[in-house]
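Novice: Take this structure first; my questions come after.
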Amino acid sequence: MLGRIDHVGVAVEEMDAALELYRDALGLPLAHREVVEEQGVDAALLDVGEGHVELLAPLGPDTPVGKYLQRRGPGLHHVAYAVADIDAELDRLRGAGLRLIDETPRTGIRNSRVAFVHPGALGGVLTEIVEPAAGH
């Protein structure tokens, strides 16, 4: 079952400029930053309430976020929901007939397990489900 909104993902062209805007101008505290090679991004989590804004800068033009930026430009990339058991949630979503991008979870920021639901299945919104790693 989907829990709270874990984060909203924002595609950015350049991480330092995005941090100046979100961290410095908006005042959102930087919670974590790392390069997630598996997804081809430099990612930063900024705290807002009980959730996060996740900034995603591509490591290259041929990465998923790099291609997204070429097609659509910077802006809202996805909405992510926290789940307690991502394997069970993937089974439930599959059973509901939703088209999945990821049939099995992959590694996300802070060692979370993540999977994406195709935007065509949810009215054009790319949706991520996240099983946070222990302690997060």
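Residues in the structure tokens are numbered from 1 in each chain, the chains being A, B, ... in the order shown, and ligands are numbered from 1 in the order shown.
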Hey, what's within 6 Å of Thr127 of chain A if we count only C-alpha atoms and toss same-chain stuff fewer than 5 positions away? As a PyMOL selection string, please?
Specialist: chain A and resi 78-80+116-117
Novice: Convert the current residue selection to file output with N, CA and C atoms, as an mmCIF file, in the first residue's frame.
Specialist:
data_model
loop_
_atom_site.group_PDB
_atom_site.id
_atom_site.type_symbol
_atom_site.label_atom_id
_atom_site.label_comp_id
_atom_site.auth_asym_id
_atom_site.auth_seq_id
_atom_site.Cartn_x
_atom_site.Cartn_y
_atom_site.Cartn_z
ATOM 1 N N HIS A 78 9.184 13.552 -11.353
ATOM 2 C CA HIS A 78 8.363 12.452 -10.851
ATOM 3 C C HIS A 78 7.866 12.731 -9.444
ATOM 4 N N VAL A 79 6.879 11.933 -9.041
ATOM 5 C CA VAL A 79 6.374 11.927 -7.670
ATOM 6 C C VAL A 79 6.672 10.540 -7.113
ATOM 7 N N ALA A 80 7.196 10.483 -5.877
ATOM 8 C CA ALA A 80 7.571 9.207 -5.268
ATOM 9 C C ALA A 80 6.788 8.971 -3.985
ATOM 10 N N PHE A 116 9.825 2.278 -10.897
ATOM 11 C CA PHE A 116 9.007 3.305 -11.532
ATOM 12 C C PHE A 116 7.814 2.697 -12.252
ATOM 13 N N VAL A 117 6.699 3.418 -12.174
ATOM 14 C CA VAL A 117 5.486 3.090 -12.907
ATOM 15 C C VAL A 117 5.455 4.007 -14.125
#
Novice: Give me the residues near segment 70-74 of chain A as an MDAnalysis selection string, where near means some atom within 9 Å (using only C-alpha atoms) and where sequence neighbours in that chain fewer than 2 positions away do not count.
Specialist: chainID A and resid 10:13 61 65:68 76:77
Novice: Hey, what does DSSP flag as strand (DSSP E) within segment 36-99 of chain A? Can you give it to me as a short mmCIF file (atom, residue, chain, number, x, y, z; two decimals) with N, CA and C atoms, in the first residue's frame?
Specialist:
data_model
loop_
_atom_site.label_atom_id
_atom_site.label_comp_id
_atom_site.auth_asym_id
_atom_site.auth_seq_id
_atom_site.Cartn_x
_atom_site.Cartn_y
_atom_site.Cartn_z
N VAL A 36 24.39 8.54 -8.02
CA VAL A 36 23.75 7.23 -8.16
C VAL A 36 24.07 6.75 -9.58
N VAL A 41 22.74 9.75 -12.29
CA VAL A 41 22.44 11.08 -11.77
C VAL A 41 23.32 11.47 -10.60
N ASP A 42 23.50 12.76 -10.47
CA ASP A 42 23.97 13.40 -9.24
C ASP A 42 22.68 13.80 -8.55
N ALA A 43 22.41 13.24 -7.37
CA ALA A 43 21.12 13.45 -6.70
C ALA A 43 21.33 14.12 -5.36
N ALA A 44 20.42 15.01 -5.03
CA ALA A 44 20.44 15.69 -3.73
C ALA A 44 19.04 15.66 -3.14
N LEU A 45 18.96 15.32 -1.86
CA LEU A 45 17.69 15.35 -1.13
C LEU A 45 17.69 16.57 -0.22
N LEU A 46 16.64 17.36 -0.32
CA LEU A 46 16.46 18.52 0.55
C LEU A 46 15.20 18.29 1.36
N ASP A 47 15.28 18.56 2.66
CA ASP A 47 14.15 18.34 3.55
C ASP A 47 13.08 19.40 3.36
N VAL A 48 11.83 18.94 3.34
CA VAL A 48 10.68 19.83 3.36
C VAL A 48 9.56 19.07 4.08
N GLY A 51 8.83 15.12 4.04
CA GLY A 51 9.32 14.58 2.77
C GLY A 51 10.54 15.32 2.28
N HIS A 52 10.78 15.15 0.99
CA HIS A 52 11.97 15.74 0.37
C HIS A 52 11.65 16.27 -1.02
N VAL A 53 12.51 17.17 -1.46
CA VAL A 53 12.65 17.50 -2.87
C VAL A 53 13.94 16.81 -3.28
N GLU A 54 13.88 16.03 -4.36
CA GLU A 54 15.07 15.35 -4.88
C GLU A 54 15.48 16.04 -6.17
N LEU A 55 16.65 16.66 -6.16
CA LEU A 55 17.18 17.29 -7.36
C LEU A 55 17.98 16.24 -8.11
N LEU A 56 17.79 16.17 -9.42
CA LEU A 56 18.44 15.17 -10.27
C LEU A 56 19.16 15.84 -11.42
N ALA A 57 20.48 15.80 -11.39
CA ALA A 57 21.29 16.33 -12.48
C ALA A 57 21.89 15.14 -13.23
N PRO A 58 21.77 15.09 -14.54
CA PRO A 58 22.28 13.94 -15.29
C PRO A 58 23.80 13.89 -15.30
N GLY A 75 12.53 20.76 -14.68
CA GLY A 75 11.25 20.88 -14.00
C GLY A 75 10.86 19.59 -13.31
N LEU A 76 9.58 19.51 -12.94
CA LEU A 76 9.07 18.34 -12.23
C LEU A 76 9.31 17.08 -13.05
N HIS A 77 9.94 16.09 -12.45
CA HIS A 77 10.28 14.85 -13.13
C HIS A 77 9.38 13.70 -12.68
N HIS A 78 9.18 13.55 -11.35
CA HIS A 78 8.36 12.45 -10.85
C HIS A 78 7.87 12.73 -9.44
N VAL A 79 6.88 11.93 -9.04
CA VAL A 79 6.37 11.93 -7.67
C VAL A 79 6.67 10.54 -7.11
N ALA A 80 7.20 10.48 -5.88
CA ALA A 80 7.57 9.21 -5.27
C ALA A 80 6.79 8.97 -3.99
N TYR A 81 6.31 7.74 -3.84
CA TYR A 81 5.55 7.33 -2.66
C TYR A 81 6.35 6.29 -1.89
N ALA A 82 6.36 6.43 -0.57
CA ALA A 82 7.04 5.47 0.29
C ALA A 82 6.17 4.23 0.45
#
Novice: Write out as a VMD selection string all residues of chain A that DSSP puts in alpha helix (DSSP H) for this structure's backbone.
Specialist: chain A and resid 15 to 19 64 to 72 86 to 95
Novice: Could you give me, as a CSV table (one decimal) with N, CA and C atoms, in the first residue's frame, the residues within 6 Å of Glu131 of chain A, counting only C-alpha atoms and dropping anything in the same chain fewer than 3 positions from it?
Specialist:
chain,number,residue,atom,x,y,z
A,82,ALA,N,6.4,6.4,-0.6
A,82,ALA,CA,7.0,5.5,0.3
A,82,ALA,C,6.2,4.2,0.5
A,83,VAL,N,6.8,3.1,0.5
A,83,VAL,CA,6.1,1.8,0.7
A,83,VAL,C,7.0,1.0,1.7
A,84,ALA,N,6.3,0.1,2.5
A,84,ALA,CA,7.0,-0.7,3.4
A,84,ALA,C,7.6,-1.9,2.8
A,86,ILE,N,8.3,-3.1,-1.1
A,86,ILE,CA,8.3,-2.8,-2.5
A,86,ILE,C,7.9,-4.0,-3.4
A,112,SER,N,18.1,3.0,-1.0
A,112,SER,CA,16.7,2.7,-1.0
A,112,SER,C,16.5,1.7,-2.2
A,113,ARG,N,15.3,1.0,-2.2
A,113,ARG,CA,14.9,0.2,-3.3
A,113,ARG,C,13.8,0.9,-4.0
Novice: Using only C-alpha atoms for the distances, tell me which of A:Glu89, A:Gly97, A:Gly60, A:Asn111 is nearest to Glu128 of chain A.
Specialist: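 Looking at the shortest contact to Glu128 of chain A, the residue is A:Glu89.
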Novice: Could you tell me how far atom CA of Gly9 of chain A lies from atom CA of Leu90 of chain A, in Å and to one decimal?
Specialist: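 A separation of 20.1 Å between them.
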Novice: Atom CA of Leu98 of chain A and atom CA of Gln39 of chain A, how far apart in Å?
Specialist: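 That distance, rounded to one decimal, is 22.1 Å.
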Novice: From the set A:Arg106, A:Ala133, A:Arg99, A:Glu38, which residue has the shortest atom-to-atom contact distance to Gly120 of chain A, counting only C-alpha atoms?
Specialist: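 Comparing A:Arg106, A:Ala133, A:Arg99, A:Glu38 against Gly120 of chain A, the winner is A:Arg99.
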Novice: Quote the spacing between atom CA of Val8 of chain A and atom CA of Arg94 of chain A in Å to one decimal place.
Specialist: 22.7 Å
